[in-house]
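Report on one structure; see the data block that follows.
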Amino acid sequence: MVATPISIHLPRRLYAGLVVLVTTCVFLYAYENYSQSQSGYIGDAEISANDVGRSEYKPLQRVTSRSSDIVFYNKVGKCGSRSLVYLLRLLAPKNGFTATGENKTPNVTISLSFGQQSDLVDRITHLSRPATFYRHTHFIDFERFGYDNPIYINIVRQPLSRLISEYFFRRFGDEKRSKDTFRRKTERNQTFDECVLRDRIECRADTTFYIIPYFCGQDDRCRVRGRWALERAMENVEKYFLVVGLSEEYENTIKLFEAMLPRYFDGALEIYKTPGAIQSTKTRNKTLPSPEIVDMMNERLAIENEFYDFIKRRFYDMKRKYGITS
């Protein structure tokens, strides 16, 4: 027995309507996928707070060019950052750019959640351009959020020197302001040597891992002292940071900024060298540790020192390239 095909006869108007409906749905689906691929969006289901800090998390959009009209100074603490901020504010009206940012306060965190990163990226990318933005924060890859990365710049300092400066700044402040975050006078007057020998939290190896995360990024592993964080930080410097200067060579750092970013730093050295133009931020009551403590701390800071040496070599190469000899 041969089965007889069942045929359904629809009214012509209803049939035509179904054809239009199906065609429209197919078109909208294809258009949505195309739009998402162009914007870098990959769907809400693929992004969650759990994705933050995973190296296997893929960027939403891979862009090779930098946004040349935004400079992001994700400033490392106690490396001359306030002096550079003062300089940017003075240069902004002269060179015609916006200089804005956030100073470090109890409400400003340097390690950000996914949502906080997204908000900050959105804020920076919608600045009136050309612009510079400054803030203490670990590196953020803007491309994960579908935007071009800005031009990253920074300044670092010999790790032990930076740590000692921060140690005494927290107790006595600098020439601009006094500061005392300690309730007990004995804690405030504790020497750096005593801090190390008593194994206080400020001087332990696990709490002195500070500079590398600023370049490694927002991945949880960037805050764990080790080779992974070091290698990621070096990779990011080469890929995203146009210039990383040295606090110990501040004038040469400014010269390099002038040479590589004249749109923003033209005339910077002249202003910097003008007496009274830049407020002094020298830490008060700072005393050097004993040679034994220096050796002990340099062992604890070995991986930070390795990163600093990498930055130093890169800085010297750039100085030679731009004919900066002093």
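Identifiers in this document derive from the order of the structure tokens: chains are assigned A, B, ..., residues are numbered from 1 separately in each chain, and ligands are numbered from 1 in order of occurrence.
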
Residue contacts of range 248-265 of chain A (9 Å, only C-alpha atoms) excluding same-chain residues fewer than 6 positions away, as a PDB file with N, CA and C atoms, in the first residue's frame:
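Below you can see result32.pdb, which holds the result:
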```pdb
ATOM      1  N   VAL A  71      45.592  59.641  25.999  1.00  0.00           N
ATOM      2  CA  VAL A  71      46.743  59.113  26.734  1.00  0.00           C
ATOM      3  C   VAL A  71      46.265  58.729  28.123  1.00  0.00           C
ATOM      4  N   CYS A  79      56.082  57.244  42.571  1.00  0.00           N
ATOM      5  CA  CYS A  79      57.067  57.254  41.485  1.00  0.00           C
ATOM      6  C   CYS A  79      57.056  58.602  40.762  1.00  0.00           C
ATOM      7  N   GLY A  80      56.682  59.644  41.489  1.00  0.00           N
ATOM      8  CA  GLY A  80      56.631  60.966  40.876  1.00  0.00           C
ATOM      9  C   GLY A  80      55.341  61.241  40.142  1.00  0.00           C
ATOM     10  N   LEU A  84      53.863  64.660  37.701  1.00  0.00           N
ATOM     11  CA  LEU A  84      53.452  64.557  36.311  1.00  0.00           C
ATOM     12  C   LEU A  84      52.015  65.026  36.133  1.00  0.00           C
ATOM     13  N   LEU A  87      52.047  68.693  36.001  1.00  0.00           N
ATOM     14  CA  LEU A  87      52.586  69.094  34.703  1.00  0.00           C
ATOM     15  C   LEU A  87      51.515  68.990  33.616  1.00  0.00           C
ATOM     16  N   LEU A  88      50.761  67.902  33.598  1.00  0.00           N
ATOM     17  CA  LEU A  88      49.706  67.725  32.601  1.00  0.00           C
ATOM     18  C   LEU A  88      48.647  68.815  32.716  1.00  0.00           C
ATOM     19  N   LEU A  91      50.045  71.905  31.158  1.00  0.00           N
ATOM     20  CA  LEU A  91      50.233  71.780  29.710  1.00  0.00           C
ATOM     21  C   LEU A  91      48.907  71.774  28.949  1.00  0.00           C
ATOM     22  N   ALA A  92      47.826  71.339  29.582  1.00  0.00           N
ATOM     23  CA  ALA A  92      46.548  71.166  28.892  1.00  0.00           C
ATOM     24  C   ALA A  92      46.065  72.435  28.181  1.00  0.00           C
ATOM     25  N   ASN A  95      48.606  73.378  25.258  1.00  0.00           N
ATOM     26  CA  ASN A  95      48.676  72.503  24.089  1.00  0.00           C
ATOM     27  C   ASN A  95      47.309  72.060  23.574  1.00  0.00           C
ATOM     28  N   GLY A  96      46.256  72.511  24.225  1.00  0.00           N
ATOM     29  CA  GLY A  96      44.919  72.261  23.696  1.00  0.00           C
ATOM     30  C   GLY A  96      44.408  70.849  23.872  1.00  0.00           C
ATOM     31  N   PHE A  97      44.530  70.294  25.070  1.00  0.00           N
ATOM     32  CA  PHE A  97      43.940  68.979  25.332  1.00  0.00           C
ATOM     33  C   PHE A  97      43.274  68.978  26.703  1.00  0.00           C
ATOM     34  N   PRO A 130      41.497  65.893  21.997  1.00  0.00           N
ATOM     35  CA  PRO A 130      42.480  64.990  22.618  1.00  0.00           C
ATOM     36  C   PRO A 130      42.447  65.114  24.139  1.00  0.00           C
ATOM     37  N   ALA A 131      42.850  64.041  24.817  1.00  0.00           N
ATOM     38  CA  ALA A 131      42.713  64.013  26.268  1.00  0.00           C
ATOM     39  C   ALA A 131      43.797  63.162  26.910  1.00  0.00           C
ATOM     40  N   THR A 132      44.091  63.509  28.160  1.00  0.00           N
ATOM     41  CA  THR A 132      44.903  62.649  29.023  1.00  0.00           C
ATOM     42  C   THR A 132      44.066  62.316  30.243  1.00  0.00           C
ATOM     43  N   ILE A 153      51.034  55.340  29.227  1.00  0.00           N
ATOM     44  CA  ILE A 153      52.345  55.778  29.705  1.00  0.00           C
ATOM     45  C   ILE A 153      52.420  55.527  31.204  1.00  0.00           C
ATOM     46  N   ILE A 155      55.459  55.713  34.884  1.00  0.00           N
ATOM     47  CA  ILE A 155      56.792  55.940  35.445  1.00  0.00           C
ATOM     48  C   ILE A 155      56.979  54.958  36.590  1.00  0.00           C
ATOM     49  N   VAL A 156      58.145  54.316  36.641  1.00  0.00           N
ATOM     50  CA  VAL A 156      58.443  53.393  37.735  1.00  0.00           C
ATOM     51  C   VAL A 156      59.693  53.862  38.481  1.00  0.00           C
ATOM     52  N   ARG A 157      59.975  53.161  39.564  1.00  0.00           N
ATOM     53  CA  ARG A 157      61.077  53.541  40.449  1.00  0.00           C
ATOM     54  C   ARG A 157      61.729  52.275  40.975  1.00  0.00           C
ATOM     55  N   GLN A 158      62.992  52.368  41.327  1.00  0.00           N
ATOM     56  CA  GLN A 158      63.664  51.216  41.921  1.00  0.00           C
ATOM     57  C   GLN A 158      62.800  50.720  43.085  1.00  0.00           C
ATOM     58  N   LEU A 242      53.544  52.983  25.376  1.00  0.00           N
ATOM     59  CA  LEU A 242      54.439  53.700  24.484  1.00  0.00           C
ATOM     60  C   LEU A 242      55.723  54.087  25.204  1.00  0.00           C
ATOM     61  N   TYR A 272      58.661  72.283  33.789  1.00  0.00           N
ATOM     62  CA  TYR A 272      59.143  71.494  34.916  1.00  0.00           C
ATOM     63  C   TYR A 272      60.338  72.166  35.597  1.00  0.00           C
ATOM     64  N   LYS A 273      61.194  72.791  34.813  1.00  0.00           N
ATOM     65  CA  LYS A 273      62.409  73.407  35.355  1.00  0.00           C
ATOM     66  C   LYS A 273      62.195  74.847  35.842  1.00  0.00           C
ATOM     67  N   PHE A 315      64.014  51.719  28.547  1.00  0.00           N
ATOM     68  CA  PHE A 315      64.098  53.171  28.643  1.00  0.00           C
ATOM     69  C   PHE A 315      65.398  53.668  28.015  1.00  0.00           C
ATOM     70  N   MET A 318      65.316  53.589  24.287  1.00  0.00           N
ATOM     71  CA  MET A 318      64.540  54.703  23.737  1.00  0.00           C
ATOM     72  C   MET A 318      65.325  56.008  23.814  1.00  0.00           C
ATOM     73  N   LYS A 319      66.060  56.207  24.892  1.00  0.00           N
ATOM     74  CA  LYS A 319      66.897  57.401  25.006  1.00  0.00           C
ATOM     75  C   LYS A 319      67.901  57.469  23.860  1.00  0.00           C
ATOM     76  N   TYR A 322      66.266  58.404  20.517  1.00  0.00           N
ATOM     77  CA  TYR A 322      65.856  59.800  20.375  1.00  0.00           C
ATOM     78  C   TYR A 322      66.979  60.778  20.715  1.00  0.00           C
ATOM     79  N   ILE A 324      68.816  61.256  23.401  1.00  0.00           N
ATOM     80  CA  ILE A 324      68.827  61.844  24.737  1.00  0.00           C
ATOM     81  C   ILE A 324      70.047  61.273  25.458  1.00  0.00           C
ATOM     82  N   THR A 325      71.062  62.098  25.666  1.00  0.00           N
ATOM     83  CA  THR A 325      72.344  61.603  26.140  1.00  0.00           C
ATOM     84  C   THR A 325      72.646  61.966  27.598  1.00  0.00           C
ATOM     85  N   SER A 326      71.946  62.911  28.156  1.00  0.00           N
ATOM     86  CA  SER A 326      72.275  63.353  29.529  1.00  0.00           C
ATOM     87  C   SER A 326      71.775  62.362  30.569  1.00  0.00           C
TER      88      SER A 326
END
```

Tell me, as a PyMOL selection string, which residues lie within 8 Å of Ile211 in chain A, counting only C-alpha atoms; anything in the same chain fewer than 3 positions away does not count. chain A and resi 76+156+159+214-215+304

Only all heavy atoms, please: the residues just picked out, written as a compact mmCIF listing (two decimals), in the first residue's frame.
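Result file result-v5.txt:
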```txt
# COMPACT_ATOMS: atom_id res chain seq x y z
N VAL A 76 51.67 54.55 38.79
CA VAL A 76 52.21 53.75 39.90
C VAL A 76 52.51 54.71 41.05
O VAL A 76 53.11 55.76 40.86
CB VAL A 76 53.49 53.00 39.48
CG1 VAL A 76 54.05 52.22 40.67
CG2 VAL A 76 53.20 52.07 38.32
N VAL A 156 58.14 54.32 36.64
CA VAL A 156 58.44 53.39 37.74
C VAL A 156 59.69 53.86 38.48
O VAL A 156 60.37 54.80 38.05
CB VAL A 156 58.63 51.95 37.23
CG1 VAL A 156 57.35 51.42 36.59
CG2 VAL A 156 59.81 51.85 36.27
N PRO A 159 62.41 49.43 43.07
CA PRO A 159 61.39 48.94 43.99
C PRO A 159 61.62 49.22 45.47
O PRO A 159 60.68 49.61 46.18
CB PRO A 159 61.36 47.44 43.70
CG PRO A 159 61.74 47.34 42.26
CD PRO A 159 62.78 48.41 42.07
N TYR A 214 50.50 46.68 38.11
CA TYR A 214 50.08 47.84 37.32
C TYR A 214 50.25 47.60 35.83
O TYR A 214 49.58 48.25 35.00
CB TYR A 214 50.90 49.07 37.72
CG TYR A 214 50.35 49.80 38.93
CD1 TYR A 214 50.73 49.44 40.21
CD2 TYR A 214 49.42 50.83 38.78
CE1 TYR A 214 50.23 50.10 41.32
CE2 TYR A 214 48.91 51.50 39.87
CZ TYR A 214 49.31 51.14 41.15
OH TYR A 214 48.80 51.79 42.24
N PHE A 215 51.12 46.70 35.45
CA PHE A 215 51.37 46.41 34.05
C PHE A 215 50.82 45.05 33.64
O PHE A 215 50.51 44.84 32.48
CB PHE A 215 52.87 46.48 33.78
CG PHE A 215 53.46 47.83 34.08
CD1 PHE A 215 53.94 48.13 35.34
CD2 PHE A 215 53.50 48.81 33.10
CE1 PHE A 215 54.46 49.38 35.63
CE2 PHE A 215 54.03 50.07 33.38
CZ PHE A 215 54.50 50.35 34.66
N GLU A 304 60.37 41.96 41.46
CA GLU A 304 60.09 43.36 41.13
C GLU A 304 61.35 44.03 40.55
O GLU A 304 61.27 44.83 39.62
CB GLU A 304 59.61 44.11 42.37
CG GLU A 304 58.25 43.68 42.87
CD GLU A 304 57.14 44.64 42.45
OE1 GLU A 304 56.99 45.69 43.08
OE2 GLU A 304 56.41 44.31 41.49
```

Which residues are near range 135-140 of chain A? Cut-off 8 Å, only C-alpha atoms, ignore same chain within fewer than 4 positions. Put them as a ChimeraX atom specification. /A:73-77,101-104,108-112,117,213-218

So that I can see what lies close to Leu288 in chain A, please list as a ChimeraX atom specification the residues with an atom at most 10 Å from it, counting only C-alpha atoms and leaving out residues fewer than 5 positions away in the same chain. /A:161,164-165,191-193,293-294

Need the shell around Arg284 in chain A: protein/DNA/RNA residues with any atom at most 8 Å away, counting only C-alpha atoms. Skip same-chain ones fewer than 3 positions apart. Format as a ChimeraX atom specification? /A:168-169,172-175

Selected residues written out with C-alpha atoms, as a PDB file, in the first residue's frame:
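Full text of out_35.pdb as output:
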```
ATOM      1  CA  PHE A 168      57.562  57.170  55.406  1.00  0.00           C
ATOM      2  CA  PHE A 169      54.898  58.988  53.368  1.00  0.00           C
ATOM      3  CA  PHE A 172      54.758  61.863  57.789  1.00  0.00           C
ATOM      4  CA  GLY A 173      53.424  62.951  54.403  1.00  0.00           C
ATOM      5  CA  ASP A 174      55.430  65.253  52.162  1.00  0.00           C
ATOM      6  CA  GLU A 175      56.274  68.912  51.699  1.00  0.00           C
TER       7      GLU A 175
END
```

Could you pull out all residues of range 116-283 of chain A with a DSSP call of strand (DSSP E or B) and give them as a list in words? Ala131, Thr132, Phe133, Tyr134, Asn149, Pro150, Ile151, Tyr152, Ile153, Asn154, Ile155, Val156, Asp174, Phe241, Leu242, Val243, Val244, Gly245, Leu246 and Thr283 of chain A

One decimal place gives the CA of Gly323 in chain A-CA of Pro150 in chain A separation as 25.9 Å

Closest atom pairs, residues of range 183-234 of chain A within 9 Å of range 295-302 of chain A, only C-alpha atoms, as a tab-separated table:
```
residue	atom	partner	partner_atom	distance
A:Val196	CA	A:Met297	CA	8.0
A:Cys203	CA	A:Met297	CA	8.1
A:Arg204	CA	A:Arg300	CA	7.8
A:Ala205	CA	A:Arg300	CA	5.1
A:Asp206	CA	A:Arg300	CA	8.5
A:Thr208	CA	A:Leu301	CA	7.2
A:Phe209	CA	A:Leu301	CA	7.4
```
